[in-house]
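Data first, discussion second: the structure below is written as structure tokens.
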Amino acid sequence: MKVTVVGAGAVGASCAEYIALKNFASEVVLLDIKEGYAEGKAMDLMQTASLNGFDTKITGTTGAYDKTAGSDIAVITSGIPRKPGMTREELIGINAGIVKTVAANLLEHSPNVTIIVVSNPMDTMTYLVHKSTNLPKHKIIGMGGALDSARFKYRLAEAMDAPISDIDGMVIGGHSDTGMVPLASHATRNSLKVSDFLSEDRLQQVVEDTKVGGATLTKLLGTSAWYAPGAAVSSLVQAIACDQKKMFPCSTMLSGEYGLEDICIGVPVILGKNGIEKIVEIDLTEAEKSKMKESAVGVRNTNALLDV
């Protein structure tokens with residue numbers, strides 16, 4: 001199992017680290033355009049192998065895509081990160097060109113690769129990979145919902161003063177501050193609805209805090225977060241690599257599901273060795289359906305800025 005991570009910045013390196021720690025891949029290739037940067041990150045990570053007990057080989061390269069040949073899964077994190085006050089949508093002009101070039105280079109050397117898109121605006125970058133490559137749609141996955149759901153569960157556990165292992169919850173919709181749809185009606189604590197524990201006002205506060213989870217961290221850190229995004233990506237990679245058939249909300253191309261077509265947006269999917277093996281349609285409340293439609297409008301407006 002060979003995994004390539006394009007972009008050796010904070011998110012890419014964190015992703016490579018978590019994949020190595022889980023010890024399911026034979027090799028992780030870190031690629032970056034900054035001279036020596038990926039090589040240095042890879043060497044630093046490899047020097048933790050004996051300390052952390054993993055055997056995954058991590059190598060780094062400066063722009064040499066031939067080193068990625070034969071990759072089973074590739075993660076695209078490259079692009080500029082958000083700065084304080086910047087929306088994900090404002091990144092589109094710069095990151096679209098980067099993502100399109102990266103996808104083409106990956107496919108030249110690994111024509112059967114499954115691609116996981118992390119670069120923002122994520123739903124639109126996932127749509128761009130669909131429109132600019134000939135990969136089947138089940139092999140193109142946008143990572144947003146897994147991260148947003150982790151942030152939702154964190155906020156729910158915080159509000160209930162509960163262990164996070166008790167909490168289950170999901171966020172669908174667009175991966176943006178206004179587009180996320182945290183499914184409060186489906187969230188549970190050990191199979192009991194969270195509404196049994198939280199007032200309507202407190203639950204609504206959890207939803208709002210979840211939606212600005214990334215912006216909150218960007219304001220505190222001065223740049224985008226990396227630990228949780230890296231962990232979220234590694235969970236998707238592992239589900240595919242180990243054929244786990246796990247359910248995650250991921251950005252995927254819809255063809256009528258949820259009443260939407262020709263759009264990549266976050267919905268529950270089953271991930272296995274073939275990438276997206278099934279799109280899962282769940283019952284939504286009328287309010288959630290309305291929010292999902294609003295989210296889709298926002299994603300389409302951003303997609304309209306693409307040159308495809």
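Scheme for the structure tokens: letters A, B, ... for chains in order shown; per-chain residue numbers from 1; ligand numbers from 1 in order shown.
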Range 138-243 of chain A near range 281-303 of chain A within 6 Å: what's each residue's closest atom pair and its distance in Å to one decimal, counting only C-alpha atoms, ordered by chain then ascending residue number, as a tab-separated table?
```
residue	atom	partner	partner_atom	distance
A:Gly173	CA	A:Met292	CA	5.8
A:Gly174	CA	A:Ser295	CA	5.7
A:Gly179	CA	A:Ser295	CA	4.4
```
Backbone-only DSSP, alpha helix (DSSP H) members of range 26-235 of chain A, as an MDAnalysis selection string: chainID A and resid 37:46 49:52 92:109 122:132 145:160 200:211 213:221 227:235
Residue neighbourhood Met1 in chain A, 8 Å, only C-alpha atoms, exclusion window fewer than 3 positions, as a PyMOL selection string: chain A and resi 24-27+71-72+241
Next, write the just-selected residues to a file, as a CSV table (one decimal), in the first residue's frame, keeping C-alpha atoms as the atom set.
```
chain,number,residue,atom,x,y,z
A,24,PHE,CA,-1.1,0.1,7.7
A,25,ALA,CA,0.8,1.5,4.7
A,26,SER,CA,4.1,0.2,3.4
A,27,GLU,CA,5.2,3.6,2.0
A,71,SER,CA,0.4,5.0,-5.6
A,72,ASP,CA,-2.8,3.4,-4.4
A,241,ALA,CA,-6.5,1.0,2.4
```
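Across the model, the gap from CA of Ala146 in chain A to CA of Ser119 in chain A is 14.4 Å.
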Selection: 10 Å around Leu107 in chain A, only C-alpha atoms, excl. self and same-chain fewer than 4 positions, as a list in words: Tyr65, Thr68, Ala69, Gly70, Ser71, Ala74, Val102, Ala103, Pro111, Asn112, Val113, Thr114, Ile115, Thr133, Asn134 and Leu135 of chain A
Keeping N, CA, C and O atoms, export the residues of the selection given above as a short mmCIF file (atom, residue, chain, number, x, y, z; two decimals), in the first residue's frame.
```
data_model
loop_
_atom_site.label_atom_id
_atom_site.label_comp_id
_atom_site.auth_asym_id
_atom_site.auth_seq_id
_atom_site.Cartn_x
_atom_site.Cartn_y
_atom_site.Cartn_z
N TYR A 65 7.39 13.75 -9.46
CA TYR A 65 6.19 12.92 -9.42
C TYR A 65 6.48 11.46 -9.79
O TYR A 65 5.68 10.59 -9.47
N THR A 68 6.21 9.12 -7.07
CA THR A 68 4.88 8.75 -6.58
C THR A 68 4.27 7.60 -7.38
O THR A 68 3.16 7.16 -7.09
N ALA A 69 4.97 7.12 -8.40
CA ALA A 69 4.44 6.10 -9.31
C ALA A 69 3.93 4.87 -8.56
O ALA A 69 4.55 4.40 -7.61
N GLY A 70 2.76 4.40 -8.99
CA GLY A 70 2.18 3.22 -8.37
C GLY A 70 1.46 3.48 -7.07
O GLY A 70 1.17 2.54 -6.31
N SER A 71 1.13 4.74 -6.81
CA SER A 71 0.40 5.05 -5.57
C SER A 71 -1.02 4.52 -5.64
O SER A 71 -1.70 4.62 -6.67
N ALA A 74 -3.78 8.95 -3.16
CA ALA A 74 -3.04 10.22 -3.12
C ALA A 74 -3.90 11.28 -2.44
O ALA A 74 -5.11 11.36 -2.68
N VAL A 102 -1.62 19.32 -10.05
CA VAL A 102 -1.25 18.20 -9.18
C VAL A 102 -1.98 16.93 -9.60
O VAL A 102 -1.38 15.86 -9.72
N ALA A 103 -3.30 17.04 -9.84
CA ALA A 103 -4.09 15.87 -10.23
C ALA A 103 -3.58 15.26 -11.53
O ALA A 103 -3.45 14.03 -11.65
N PRO A 111 -2.25 5.90 -12.75
CA PRO A 111 -3.55 6.07 -13.42
C PRO A 111 -4.74 5.49 -12.68
O PRO A 111 -5.87 5.88 -12.94
N ASN A 112 -4.50 4.58 -11.73
CA ASN A 112 -5.60 3.97 -10.99
C ASN A 112 -5.71 4.48 -9.55
O ASN A 112 -6.38 3.87 -8.72
N VAL A 113 -5.09 5.60 -9.29
CA VAL A 113 -5.05 6.14 -7.93
C VAL A 113 -6.43 6.62 -7.48
O VAL A 113 -7.27 7.03 -8.29
N THR A 114 -6.67 6.52 -6.18
CA THR A 114 -7.84 7.15 -5.56
C THR A 114 -7.37 8.47 -4.96
O THR A 114 -6.37 8.49 -4.22
N ILE A 115 -8.05 9.56 -5.29
CA ILE A 115 -7.61 10.89 -4.86
C ILE A 115 -8.51 11.42 -3.75
O ILE A 115 -9.74 11.41 -3.87
N THR A 133 -10.29 15.44 -14.92
CA THR A 133 -9.67 14.11 -15.07
C THR A 133 -10.71 13.12 -15.59
O THR A 133 -11.90 13.42 -15.63
N ASN A 134 -10.24 11.94 -15.95
CA ASN A 134 -11.13 10.87 -16.40
C ASN A 134 -11.34 9.81 -15.33
O ASN A 134 -11.81 8.71 -15.63
N LEU A 135 -10.99 10.12 -14.10
CA LEU A 135 -11.18 9.14 -13.02
C LEU A 135 -12.66 8.89 -12.79
O LEU A 135 -13.47 9.82 -12.85
#
```
Picked from range 27-216 of chain A by DSSP as strand (DSSP E or B), as a ChimeraX atom specification: /A:27-32,57-62,73-76,114-117,140-142,167-168,171-173,180-182,188-189,192-193
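Going from CA of Phe54 in chain A over to CA of Ala20 in chain A, you cover 6.3 Å.
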Nearest to Gly93 in chain A, chosen from A:Ser234, A:Ile265, A:Pro121, A:Asp66, with only C-alpha atoms counted in the distances: A:Pro121
Residue nearest Phe152 in chain A among A:His109, A:Val129, A:Thr62, A:Leu203 (counting only C-alpha atoms): A:Leu203
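Going from CA of Ile76 in chain A over to CA of Val117 in chain A, you cover 5.0 Å.
For the residues A:Leu221, A:Ala104, A:Leu147, A:Leu91, ranking by smallest atom-to-atom distance to Asn120 in chain A using only C-alpha atoms places A:Leu91 first.
In terms of minimum interatomic distance to Lys219 in chain A, A:Gly85 ranks closest within A:Gly85, A:Met253, A:Gly145, A:Val269, counting only C-alpha atoms.
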